[in-house]
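Asks: This is structure_18.txt, which holds compact mmCIF, C-alpha atoms and all ligand atoms:
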# COMPACT_ATOMS: atom_id res chain seq x y z
CA MET A 6 0.00 0.00 0.00
CA SER A 7 1.31 3.46 -0.81
CA GLY A 8 2.11 6.02 1.88
CA THR A 9 -0.40 8.68 2.82
CA GLY A 10 1.54 11.73 1.73
CA GLN A 11 3.99 14.14 3.27
CA GLN A 12 4.23 14.82 6.97
CA THR A 13 2.40 17.72 8.51
CA LYS A 14 4.59 20.83 8.75
CA TRP A 15 4.68 22.19 12.29
CA GLN A 16 5.76 25.72 13.17
CA THR A 17 8.45 25.23 15.84
CA PRO A 18 8.37 28.12 18.35
CA PRO A 19 11.59 30.09 18.93
CA GLY A 20 14.23 28.51 21.24
CA TRP A 21 13.38 30.16 24.60
CA ARG A 22 9.65 29.46 24.19
CA LEU A 23 10.37 25.84 23.33
CA VAL A 24 12.51 25.46 26.47
CA LEU A 25 9.74 27.02 28.56
CA LEU A 26 7.10 24.84 26.89
CA ASP A 27 9.12 21.65 27.52
CA TRP A 28 9.78 22.62 31.15
CA TRP A 29 6.10 23.35 31.79
CA ALA A 30 4.95 20.13 30.05
CA ALA A 31 7.46 18.02 32.02
CA ARG A 32 6.21 19.51 35.35
CA ARG A 33 2.56 19.02 34.39
CA ASN A 34 3.12 15.42 33.24
CA ALA A 35 5.11 14.51 36.35
CA LEU A 36 2.26 15.83 38.48
CA LEU A 37 -0.54 14.16 36.45
CA GLY A 38 1.31 10.84 36.42
CA SER A 39 1.93 10.81 40.17
CA ARG A 40 -0.38 8.47 42.06
CA ARG A 41 -0.13 10.67 45.17
CA PHE A 42 -1.27 13.72 43.18
CA GLN A 43 -4.11 11.74 41.57
CA LEU A 44 -5.40 10.64 44.98
CA TRP A 45 -5.14 14.18 46.34
CA ALA A 46 -6.81 15.72 43.26
CA GLY A 47 -9.66 13.21 43.55
CA ARG A 48 -10.29 14.19 47.19
CA PHE A 49 -9.87 17.98 46.97
CA PRO A 50 -13.27 19.53 46.06
CA LEU A 51 -11.90 22.07 43.56
CA THR A 52 -9.83 19.58 41.54
CA ARG A 53 -12.22 16.62 41.90
CA PRO A 54 -14.30 17.44 38.78
CA ILE A 55 -11.11 17.80 36.69
CA ALA A 56 -9.68 14.55 38.06
CA ARG A 57 -12.92 12.71 37.30
CA ARG A 58 -13.11 14.13 33.79
CA GLN A 59 -9.51 13.16 33.11
CA ALA A 60 -10.10 9.60 34.36
CA GLY A 61 -13.29 9.39 32.28
CA ASP A 62 -11.52 10.65 29.12
CA LEU A 63 -8.80 8.05 29.52
CA PHE A 64 -11.32 5.28 30.10
CA ASP A 65 -13.26 6.37 26.99
CA LEU A 66 -10.05 6.07 24.96
CA CYS A 67 -9.59 2.52 26.23
CA ALA A 68 -13.22 1.54 25.70
CA GLY A 69 -14.03 3.41 22.48
CA PHE A 70 -13.96 0.25 20.37
CA VAL A 71 -16.63 -1.31 22.59
CA TYR A 72 -18.85 1.77 22.35
CA SER A 73 -18.57 1.60 18.55
CA GLN A 74 -19.73 -2.01 18.54
CA VAL A 75 -22.67 -1.24 20.83
CA LEU A 76 -23.65 1.52 18.38
CA PHE A 77 -23.24 -0.92 15.48
CA ALA A 78 -25.57 -3.46 17.12
CA VAL A 79 -28.13 -0.74 17.90
CA VAL A 80 -28.11 0.41 14.27
CA GLN A 81 -28.23 -3.12 12.85
CA LEU A 82 -31.22 -4.04 15.04
CA ARG A 83 -32.91 -0.66 14.32
CA LEU A 84 -33.50 -0.18 18.05
CA CYS A 85 -33.78 3.63 17.83
CA GLU A 86 -36.41 3.29 15.08
CA LEU A 87 -38.34 0.74 17.16
CA VAL A 88 -38.68 3.11 20.13
CA SER A 89 -39.03 6.33 18.13
CA ASP A 90 -42.84 6.33 18.40
CA GLY A 91 -42.79 5.59 22.11
CA PRO A 92 -41.07 3.43 24.74
CA GLN A 93 -41.14 -0.36 24.34
CA GLN A 94 -40.94 -3.26 26.76
CA LEU A 95 -37.77 -5.32 26.95
CA SER A 96 -39.74 -8.44 26.02
CA SER A 97 -41.04 -7.01 22.75
CA LEU A 98 -37.62 -5.60 21.76
CA ALA A 99 -36.03 -8.98 22.50
CA ARG A 100 -38.68 -10.73 20.38
CA HIS A 101 -38.11 -8.35 17.50
CA ALA A 102 -34.35 -8.95 17.56
CA ALA A 103 -34.64 -12.68 18.16
CA LEU A 104 -32.34 -12.33 21.19
CA PRO A 105 -32.76 -13.86 24.65
CA GLU A 106 -34.13 -11.23 27.05
CA ASP A 107 -31.05 -11.16 29.28
CA ARG A 108 -28.81 -10.49 26.26
CA MET A 109 -31.16 -7.82 24.96
CA ALA A 110 -31.20 -6.16 28.41
CA ARG A 111 -27.41 -6.10 28.28
CA LEU A 112 -27.41 -4.31 24.92
CA LEU A 113 -30.20 -1.91 25.93
CA ASP A 114 -28.45 -0.96 29.18
CA ALA A 115 -25.21 -0.37 27.28
CA ALA A 116 -27.12 1.84 24.80
CA VAL A 117 -28.68 3.74 27.74
CA SER A 118 -25.21 4.40 29.20
CA LEU A 119 -24.17 5.86 25.82
CA ARG A 120 -27.30 8.09 25.70
CA LEU A 121 -28.65 6.36 22.61
CA LEU A 122 -31.63 5.09 24.59
CA GLU A 123 -33.22 5.99 27.92
CA ARG A 124 -34.68 3.82 30.62
CA ARG A 125 -38.35 4.73 31.12
CA GLY A 126 -39.40 2.40 33.91
CA GLU A 127 -38.74 -1.20 34.82
CA ALA A 128 -37.75 -3.14 31.66
CA ARG A 129 -39.05 -0.29 29.46
CA TYR A 130 -36.88 1.70 27.03
CA GLY A 131 -37.30 4.92 25.00
CA LEU A 132 -35.20 7.09 22.73
CA GLY A 133 -32.23 8.94 24.31
CA PRO A 134 -30.79 12.31 23.23
CA LEU A 135 -28.14 10.86 20.88
CA GLY A 136 -30.57 8.23 19.57
CA ALA A 137 -33.01 11.03 18.70
CA VAL A 138 -30.39 12.56 16.38
CA LEU A 139 -29.26 9.22 15.01
CA VAL A 140 -32.74 8.00 14.13
CA GLN A 141 -33.34 10.96 11.80
CA ASN A 142 -29.95 10.83 10.11
CA GLN A 143 -29.62 8.22 7.36
CA GLY A 144 -26.04 9.39 6.67
CA ILE A 145 -24.74 8.60 10.17
CA LYS A 146 -26.48 5.20 10.15
CA ALA A 147 -25.02 4.34 6.74
CA MET A 148 -21.57 5.37 8.02
CA VAL A 149 -21.93 3.18 11.12
CA ARG A 150 -22.89 0.14 8.99
CA HIS A 151 -20.01 0.82 6.65
CA HIS A 152 -17.63 0.93 9.63
CA ALA A 153 -17.77 -2.86 9.81
CA LEU A 154 -15.13 -2.81 7.05
CA PHE A 155 -12.97 -0.14 8.65
CA TYR A 156 -13.17 -1.91 11.98
CA ARG A 157 -11.69 -5.08 10.45
CA ASP A 158 -8.96 -3.05 8.72
CA LEU A 159 -7.94 -1.59 12.09
CA ASN A 160 -7.61 -5.00 13.70
CA ASP A 161 -3.82 -4.75 13.53
CA PRO A 162 -3.00 -1.03 13.41
CA LEU A 163 0.75 -1.58 13.51
CA SER A 164 0.70 -3.69 10.33
CA LEU A 165 -1.32 -0.96 8.70
CA LEU A 166 1.15 1.71 9.85
CA ARG A 167 4.13 -0.33 8.64
CA GLY A 168 2.47 -0.68 5.23
CA ASP A 169 2.43 -4.50 5.51
CA VAL A 170 -1.24 -4.75 4.47
CA ARG A 171 -1.70 -4.74 0.70
CA GLN A 172 -5.46 -5.04 0.30
CA THR A 173 -7.85 -3.69 2.91
CA GLY A 174 -11.63 -3.63 3.05
CA LEU A 175 -11.47 0.10 2.37
CA THR A 176 -9.22 -0.21 -0.71
CA ARG A 177 -11.86 -2.51 -2.18
CA TYR A 178 -14.66 -0.18 -1.12
CA TRP A 179 -12.99 2.91 -2.71
CA PRO A 180 -11.45 1.32 -5.82
CA TYR A 181 -10.37 4.65 -7.37
CA ALA A 182 -7.88 5.05 -4.52
CA ASP A 183 -6.04 1.92 -5.57
CA SER A 184 -6.70 1.78 -9.28
CA MET A 185 -4.56 3.18 -12.05
CA ALA A 186 -7.55 3.01 -14.41
CA ALA A 187 -10.28 4.88 -12.56
CA HIS A 188 -11.89 5.43 -15.96
CA ASP A 189 -12.58 1.71 -16.35
CA LEU A 190 -14.33 1.12 -13.02
CA ASP A 191 -17.81 -0.34 -13.46
CA SER A 192 -21.09 0.40 -11.72
CA ALA A 193 -20.75 -2.56 -9.34
CA GLN A 194 -17.41 -1.20 -8.10
CA VAL A 195 -18.60 2.36 -7.47
CA GLY A 196 -22.18 1.64 -6.35
CA ALA A 197 -21.67 1.22 -2.61
CA TYR A 198 -19.51 4.30 -2.03
CA SER A 199 -21.68 6.46 -4.30
CA GLU A 200 -24.76 5.53 -2.27
CA LEU A 201 -22.95 6.25 1.01
CA MET A 202 -21.81 9.65 -0.28
CA ALA A 203 -25.31 10.56 -1.52
CA VAL A 204 -26.98 9.62 1.74
CA SER A 205 -24.41 11.47 3.87
CA GLN A 206 -24.30 14.63 1.75
CA ASN A 207 -27.23 16.62 3.16
CA LEU A 208 -25.55 17.86 6.34
CA ILE A 209 -22.43 18.89 4.44
CA ALA A 210 -24.42 20.71 1.75
CA ALA A 211 -26.39 22.66 4.37
CA GLU A 212 -23.14 23.73 6.10
CA VAL A 213 -21.57 24.85 2.80
CA LEU A 214 -24.61 26.62 1.39
CA ASN A 215 -25.31 28.45 4.65
CA ALA A 216 -21.72 29.68 4.75
CA TYR A 217 -21.35 30.85 1.13
CA SER A 218 -23.83 32.70 -1.09
CA LEU A 219 -23.97 31.66 -4.75
CA ALA A 220 -26.12 34.68 -5.68
CA ARG A 221 -23.46 36.37 -7.85
CA HIS A 222 -22.45 33.20 -9.74
CA ARG A 223 -23.83 31.98 -13.09
CA CYS A 224 -22.65 28.41 -13.49
CA LEU A 225 -21.34 25.89 -10.94
CA LEU A 226 -19.30 22.80 -11.81
CA ASP A 227 -19.20 20.16 -9.04
CA VAL A 228 -15.96 18.19 -9.54
CA GLY A 229 -16.01 14.68 -8.06
CA GLY A 230 -19.64 15.47 -7.35
CA GLY A 231 -20.70 11.82 -7.05
CA THR A 232 -24.26 11.16 -8.15
CA GLY A 233 -25.28 14.81 -7.78
CA ALA A 234 -26.60 15.07 -4.22
CA PHE A 235 -24.72 18.34 -3.59
CA LEU A 236 -25.97 19.79 -6.89
CA SER A 237 -29.54 18.91 -5.93
CA ALA A 238 -29.15 20.93 -2.74
CA VAL A 239 -27.65 23.81 -4.77
CA ALA A 240 -30.48 23.65 -7.31
CA GLY A 241 -33.09 23.92 -4.55
CA ARG A 242 -31.42 26.95 -2.99
CA TRP A 243 -30.23 28.85 -6.11
CA PRO A 244 -32.67 28.35 -9.02
CA HIS A 245 -30.84 30.87 -11.29
CA LEU A 246 -27.63 28.77 -11.50
CA ARG A 247 -26.57 26.59 -14.40
CA LEU A 248 -25.14 23.32 -13.06
CA MET A 249 -22.50 20.87 -14.27
CA LEU A 250 -21.54 17.56 -12.69
CA PHE A 251 -18.21 15.80 -13.28
CA ASP A 252 -17.30 12.36 -11.92
CA LEU A 253 -16.09 8.98 -13.13
CA PRO A 254 -18.22 7.55 -15.97
CA ALA A 255 -19.48 4.67 -13.82
CA VAL A 256 -20.62 7.10 -11.10
CA ILE A 257 -22.30 9.42 -13.59
CA GLY A 258 -24.11 6.35 -14.95
CA GLN A 259 -25.85 6.01 -11.56
CA ALA A 260 -26.61 9.69 -11.08
CA GLY A 261 -30.22 9.73 -12.37
CA PRO A 262 -32.22 9.40 -9.11
CA HIS A 263 -30.11 11.94 -7.19
CA LEU A 264 -30.00 14.68 -9.82
CA PRO A 265 -32.03 17.86 -9.47
CA SER A 266 -35.35 16.87 -11.01
CA GLY A 267 -37.33 18.63 -13.70
CA GLU A 268 -34.79 20.41 -15.83
CA PRO A 269 -32.12 18.27 -17.44
CA GLY A 270 -30.59 19.52 -20.69
CA GLN A 271 -30.82 23.29 -20.37
CA ARG A 272 -29.92 23.79 -16.75
CA LEU A 273 -27.92 20.69 -15.92
CA GLN A 274 -25.12 18.93 -17.81
CA VAL A 275 -23.33 15.79 -16.66
CA PHE A 276 -19.82 14.72 -17.68
CA GLY A 277 -18.13 11.37 -17.12
CA GLY A 278 -14.34 11.38 -17.02
CA ASP A 279 -11.15 11.04 -15.01
CA PHE A 280 -10.08 14.41 -13.62
CA PHE A 281 -6.42 13.35 -13.77
CA VAL A 282 -6.66 12.56 -17.48
CA ASP A 283 -9.63 14.29 -19.09
CA PRO A 284 -10.09 18.06 -19.35
CA LEU A 285 -12.72 19.56 -17.06
CA PRO A 286 -15.64 21.13 -18.96
CA PRO A 287 -15.22 24.91 -19.39
CA GLY A 288 -17.92 27.51 -18.79
CA ALA A 289 -18.30 27.52 -14.99
CA ASP A 290 -17.45 30.63 -12.97
CA ILE A 291 -17.39 28.57 -9.77
CA VAL A 292 -16.15 25.02 -9.12
CA SER A 293 -17.10 23.08 -6.00
CA LEU A 294 -14.85 20.37 -4.60
CA ILE A 295 -16.65 18.66 -1.75
CA ARG A 296 -14.93 15.86 0.23
CA VAL A 297 -12.57 15.15 -2.68
CA LEU A 298 -9.13 16.68 -2.05
CA HIS A 299 -8.43 14.67 1.13
CA ASP A 300 -8.69 11.45 -0.92
CA HIS A 301 -5.44 12.28 -2.69
CA ASN A 302 -1.76 12.62 -1.87
CA ASP A 303 -0.17 16.04 -2.31
CA ASP A 304 1.14 15.53 -5.85
CA ASP A 305 -2.26 14.37 -7.15
CA ALA A 306 -4.10 17.02 -5.09
CA LEU A 307 -1.93 19.67 -6.73
CA ARG A 308 -2.61 18.23 -10.20
CA LEU A 309 -6.34 18.34 -9.53
CA LEU A 310 -6.24 21.93 -8.22
CA ARG A 311 -4.20 23.00 -11.28
CA ALA A 312 -6.77 21.40 -13.60
CA ILE A 313 -9.57 23.22 -11.78
CA CYS A 314 -7.69 26.52 -11.89
CA SER A 315 -7.15 26.18 -15.66
CA SER A 316 -10.83 25.42 -16.23
CA LEU A 317 -11.90 28.67 -14.49
CA PRO A 318 -11.92 32.16 -16.03
CA ASP A 319 -9.87 34.94 -14.40
CA GLY A 320 -11.67 35.94 -11.20
CA GLY A 321 -13.31 32.48 -11.03
CA THR A 322 -13.96 30.82 -7.67
CA LEU A 323 -13.22 27.48 -6.07
CA LEU A 324 -15.46 26.40 -3.17
CA LEU A 325 -13.71 23.63 -1.27
CA ALA A 326 -15.25 21.78 1.68
CA GLU A 327 -14.03 18.77 3.64
CA PRO A 328 -12.92 17.82 7.16
CA MET A 329 -9.76 19.75 8.01
CA ALA A 330 -7.13 19.62 10.72
CA GLY A 331 -5.92 22.63 12.70
CA HIS A 332 -9.01 23.32 14.79
CA ARG A 333 -9.59 22.27 18.39
CA GLU A 334 -12.96 20.72 17.59
CA SER A 335 -12.07 19.06 14.29
CA ASP A 336 -8.59 17.70 15.05
CA ARG A 337 -9.90 14.40 16.41
CA VAL A 338 -11.94 13.91 13.24
CA ALA A 339 -9.19 15.02 10.89
CA ASN A 340 -6.10 13.52 12.52
CA ALA A 341 -7.38 10.44 14.34
CA TYR A 342 -10.47 9.35 12.33
CA PHE A 343 -9.54 10.48 8.79
CA GLY A 344 -5.83 10.00 9.44
CA PHE A 345 -6.43 6.27 9.92
CA TYR A 346 -9.39 6.00 7.52
CA LEU A 347 -7.40 7.37 4.59
CA MET A 348 -4.36 5.29 5.53
CA ALA A 349 -6.57 2.16 5.40
CA MET A 350 -8.05 3.36 2.11
CA GLY A 351 -4.55 3.60 0.66
CA LYS A 352 -3.98 7.30 0.04
CA GLY A 353 -4.86 10.85 0.93
CA ARG A 354 -4.85 12.81 4.17
CA ALA A 355 -6.84 15.46 6.00
CA ARG A 356 -5.01 18.78 5.73
CA SER A 357 -5.12 22.00 7.69
CA PRO A 358 -6.35 25.20 6.00
CA VAL A 359 -2.70 26.36 5.92
CA GLN A 360 -1.64 23.22 4.02
CA ILE A 361 -4.56 23.53 1.60
CA GLY A 362 -3.73 27.22 1.17
CA SER A 363 -0.19 26.36 0.17
CA LEU A 364 -1.44 23.87 -2.46
CA LEU A 365 -3.92 26.47 -3.75
CA ARG A 366 -1.15 29.06 -4.22
CA ARG A 367 1.05 26.54 -6.03
CA ALA A 368 -1.89 25.60 -8.25
CA GLY A 369 -2.28 29.21 -9.42
CA PHE A 370 -5.04 30.61 -7.20
CA SER A 371 -4.37 34.24 -6.25
CA GLY A 372 -6.07 34.26 -2.84
CA HIS A 373 -8.21 32.23 -0.49
CA ARG A 374 -10.06 32.52 2.80
CA LEU A 375 -11.46 30.16 5.38
CA LEU A 376 -15.18 30.67 6.04
CA ALA A 377 -16.70 30.39 9.49
CA ASN A 378 -19.27 27.60 9.78
CA PRO A 379 -21.22 26.32 12.77
CA MET A 380 -20.12 22.64 12.63
CA PRO A 381 -16.37 22.52 11.85
CA LEU A 382 -16.43 18.92 13.11
CA GLN A 383 -18.13 17.77 9.90
CA THR A 384 -16.52 20.07 7.39
CA ARG A 385 -14.59 23.31 7.02
CA ILE A 386 -14.88 25.55 4.01
CA ILE A 387 -12.32 27.46 1.93
CA VAL A 388 -13.11 29.87 -0.91
CA ALA A 389 -10.29 30.57 -3.38
CA SER A 390 -10.13 32.97 -6.32
CA LYS A 391 -8.18 32.66 -9.52
C1 LIG A 401 -15.40 11.01 -1.28
S1 LIG A 401 -16.32 11.08 -2.74
C2 LIG A 401 -17.18 12.64 -2.58
C3 LIG A 401 -18.38 12.74 -3.45
C4 LIG A 401 -19.17 14.04 -3.32
N1 LIG A 401 -18.39 15.19 -3.65
C5 LIG A 401 -19.75 14.16 -1.93
O1 LIG A 401 -19.27 14.96 -1.13
O2 LIG A 401 -20.71 13.42 -1.65
C6 LIG A 401 -15.09 11.43 -3.97
C7 LIG A 401 -15.64 11.46 -5.38
O3 LIG A 401 -14.56 11.71 -6.27
C8 LIG A 401 -14.73 10.89 -7.42
N2 LIG A 401 -13.43 10.64 -8.06
C9 LIG A 401 -12.35 10.00 -7.52
N3 LIG A 401 -11.34 9.93 -8.40
C10 LIG A 401 -11.80 10.52 -9.52
C11 LIG A 401 -11.21 10.78 -10.80
N4 LIG A 401 -9.95 10.40 -11.05
N5 LIG A 401 -11.95 11.44 -11.72
C12 LIG A 401 -13.22 11.83 -11.46
N6 LIG A 401 -13.84 11.63 -10.26
C13 LIG A 401 -13.12 10.98 -9.32
C14 LIG A 401 -15.32 9.61 -6.86
O4 LIG A 401 -15.95 8.83 -7.85
C15 LIG A 401 -16.28 10.15 -5.79
O5 LIG A 401 -17.56 10.37 -6.32
What's the structure tokens form of this structure?

Replies:
Amino acid sequence: MSGTGQQTKWQTPPGWRLVLLDWWAARRNALLGSRRFQLWAGRFPLTRPIARRQAGDLFDLCAGFVYSQVLFAVVQLRLCELVSDGPQQLSSLARHAALPEDRMARLLDAAVSLRLLERRGEARYGLGPLGAVLVQNQGIKAMVRHHALFYRDLNDPLSLLRGDVRQTGLTRYWPYADSMAAHDLDSAQVGAYSELMAVSQNLIAAEVLNAYSLARHRCLLDVGGGTGAFLSAVAGRWPHLRLMLFDLPAVIGQAGPHLPSGEPGQRLQVFGGDFFVDPLPPGADIVSLIRVLHDHNDDDALRLLRAICSSLPDGGTLLLAEPMAGHRESDRVANAYFGFYLMAMGKGRARSPVQIGSLLRRAGFSGHRLLANPMPLQTRIIVASK
């Protein structure tokens, strides 16, 4: 398996600050690691909440893989759906899942502890606060089901890190990441990921379209736009825009049901091709690149950005959205989740806005800015101009 790109560049502080930083970190770590300090901090009323939170955070790190499997079982058995109209008895939930009652109680109590469900009386369960969000969100549920593959790929993380694993579940799932002939992929090979992308697109599209107005643009080209779910959201919000979709031929072949309905031909054009080989269609004054750049190593990412820049007129715009590193709230998603996801997939990496900015400059864009958006955990958004 190929590497996942260059290392993150880190700004090293000047010498005296580094010495101070190391001294402070060594003192803090010595204190936090001392059993005597831990016992004291747990007893002293002012530090007790911090000590408990710290112990809880560490336990969650150890137990995270169990929580994920509880979530997986809840999604597979559709438990949140079953209680969404009102609480249910343990016996009826156990019957539905064909599980013995004691085993079902074990799963339900685990789901209660994770706030997916709530206990509403003796042997009676209802929807919990996280379950209430999950039950409405097809994208999260599809992601959780799909994690069965990723979970197996992570079974031996050290082999993955050493590059000893040639074929993973995720390289098979995302065949363009591993294939020299993306053009030749067929519908069976792209079907599963295209469906996952379509069903998980709505939250991303809302974030992007709330953060950036398309009022002044005429024609938008969505590059790597999958089966058109983002364009459908654009079409609903901005009826004046002409729309173009570009993705692999096999993906475009499946686009029909997701495309903005009613006005093919005049308003919407679709193009099948390989963006590393085929020219992008001209005519757009704005290109969108949603959850695409992080799939590629720096050299390919630069090639793609150059192709986009050449397809735009002077003053044209690139709207780029994907999970990014370099933010307190999104670092776990970008560096831990996507860091390992993309490594298992075989290439790509989540970048910080600074790293993306540097690629944009090298690709020929004259300026760029990071937009503020309410949920940086899911995606962050950069607008660049040619
Ligand atoms: C992670 S998906 C994102 C899809 C969509 N933008 C979204 O956010 O739902 C990446 C997309 O890039 C497309 N893609 C990957 N390599 C490509 C290539 N060489 N040429 C054209 N499209 C490509 C894939 O087919 C896929 O639809």

Asks: Where does chain A meet ligand LIG 401 (chain A) within 6 Å, residue by residue, with the nearest atom pair and distance in Å to one decimal for each, counting only C-alpha atoms and all ligand atoms, listed by chain and rising number, as a tab-separated table?

Replies:
residue	atom	partner	partner_atom	distance
A:Tyr181	CA	A:LIG401	N3	5.5
A:Ala187	CA	A:LIG401	N4	5.7
A:Met202	CA	A:LIG401	O2	4.2
A:Ala203	CA	A:LIG401	O2	5.4
A:Gln206	CA	A:LIG401	O2	5.1
A:Gly229	CA	A:LIG401	O3	3.8
A:Gly230	CA	A:LIG401	N1	3.9
A:Gly231	CA	A:LIG401	O5	3.5
A:Asp252	CA	A:LIG401	N6	3.9
A:Leu253	CA	A:LIG401	C12	4.4
A:Val256	CA	A:LIG401	O4	5.9
A:Gly278	CA	A:LIG401	C12	5.7
A:Asp279	CA	A:LIG401	N5	3.4
A:Phe280	CA	A:LIG401	N5	4.0
A:Phe281	CA	A:LIG401	N4	5.3
A:Ile295	CA	A:LIG401	N1	4.3
A:Arg296	CA	A:LIG401	O1	4.6
A:Val297	CA	A:LIG401	C6	4.7

Asks: Distance CA of Cys85 (chain A)-CA of Arg150 (chain A), one decimal place?

Replies: 14.5 Å

Asks: Find the residues near Met350 (chain A): any atom within 9 Å, counting all atoms listed in the file, skip ones fewer than 2 places away on the same chain, and give them as an MDAnalysis selection string.

Replies: chainID A and resid 6 155 172:180 182:183 300 345:348 352:353

Asks: If you measure from CA of Leu121 (chain A) to CA of Pro54 (chain A), what distance in Å do you get, rounded to one decimal?

Replies: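 Computed distance, CA of Leu121 (chain A) to CA of Pro54 (chain A), equals 24.3 Å.
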
Asks: Measuring atom to atom with all atoms listed in the file, identify which of A:Leu246, A:Leu37, A:Leu87, A:Val80 is nearest to Ala147 (chain A).

Replies: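 The closest residue to Ala147 (chain A) is A:Val80.
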
Asks: Expressed in Å to a single decimal, how great is the separation between CA of Ala30 (chain A) and CA of Pro328 (chain A)?

Replies: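 Separating CA of Ala30 (chain A) from CA of Pro328 (chain A) is a distance of 29.1 Å.
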
Asks: How big is the axis-aligned box around all listed atoms of region 135-139 of chain A once 6 Å goes on each side, and where's its centre, in Å to one decimal, as lines of an AutoDock Vina configuration file?

Replies:
center_x = -30.6
center_y = 10.4
center_z = 17.9
size_x = 16.9
size_y = 16.3
size_z = 17.9

Asks: So, with only C-alpha atoms as the atoms that count, which of A:Arg157, A:Lys146, A:Arg129, A:His373 lies closest to Ile387 (chain A)?

Replies: A:His373

Asks: Near Asn207 (chain A), counting only C-alpha atoms, which residues have an atom at most 8 Å away, once you skip same-chain residues fewer than 3 positions from it, shown as a list in words?

Replies: Ala203, Val204, Ala210, Ala211, Ala234, Phe235 and Ala238 of chain A

Asks: A:Ala330, A:Ala306, A:Ala377, A:Gly277: which is nearest Leu365 (chain A), counting only C-alpha atoms?

Replies: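 Smallest distance to Leu365 (chain A) is found for A:Ala306.
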
Asks: Env of region 354-361 of chain A: 6 Å cut, atoms = only C-alpha atoms, seq-sep filter 4 positions within chain, self excluded. Answer as a list in words.

Replies: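 Returned residues: His299, Met329, Ala330, Gly331 and Ala339 of chain A.
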
Asks: Go through A:Ala128, A:Val138, A:Val195, A:Ala240 one by one, measure the shortest atom-to-atom distance of each to Ala260 (chain A) using all atoms listed in the file, and give the residue with the smallest value.

Replies: A:Val195

Asks: With all atoms listed in the file as the counted atoms, please give the residues lying no more than 12 Å from Gln94 (chain A), apart from itself and same-chain residues fewer than 5 positions off, as a PDB file with C-alpha atoms, in the coordinates of the input.

Replies:
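The resulting around-v7.pdb:
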ATOM      1  CA  LEU A  84     -33.500  -0.180  18.050  1.00  0.00           C
ATOM      2  CA  LEU A  87     -38.340   0.740  17.160  1.00  0.00           C
ATOM      3  CA  VAL A  88     -38.680   3.110  20.130  1.00  0.00           C
ATOM      4  CA  ALA A  99     -36.030  -8.980  22.500  1.00  0.00           C
ATOM      5  CA  ARG A 100     -38.680 -10.730  20.380  1.00  0.00           C
ATOM      6  CA  HIS A 101     -38.110  -8.350  17.500  1.00  0.00           C
ATOM      7  CA  GLU A 106     -34.130 -11.230  27.050  1.00  0.00           C
ATOM      8  CA  MET A 109     -31.160  -7.820  24.960  1.00  0.00           C
ATOM      9  CA  ALA A 110     -31.200  -6.160  28.410  1.00  0.00           C
ATOM     10  CA  LEU A 113     -30.200  -1.910  25.930  1.00  0.00           C
ATOM     11  CA  ARG A 124     -34.680   3.820  30.620  1.00  0.00           C
ATOM     12  CA  ARG A 125     -38.350   4.730  31.120  1.00  0.00           C
ATOM     13  CA  GLY A 126     -39.400   2.400  33.910  1.00  0.00           C
ATOM     14  CA  GLU A 127     -38.740  -1.200  34.820  1.00  0.00           C
ATOM     15  CA  ALA A 128     -37.750  -3.140  31.660  1.00  0.00           C
ATOM     16  CA  ARG A 129     -39.050  -0.290  29.460  1.00  0.00           C
ATOM     17  CA  TYR A 130     -36.880   1.700  27.030  1.00  0.00           C
ATOM     18  CA  GLY A 131     -37.300   4.920  25.000  1.00  0.00           C
TER      19      GLY A 131
END

Asks: Could you list, as an MDAnalysis selection string, every residue within 12 Å of Ala60 (chain A), counting only C-alpha atoms and ignoring same-chain residues fewer than 6 positions away?

Replies: chainID A and resid 37:38 43:44 46:47 53:54 66:67

Asks: Which residue is closest to Arg221 (chain A)? Choose from A:Gln74, A:Thr322, A:Ser192, A:Ser315 and count all atoms listed in the file.

Replies: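 Answer, going by the shortest atom-to-atom distance: A:Thr322.
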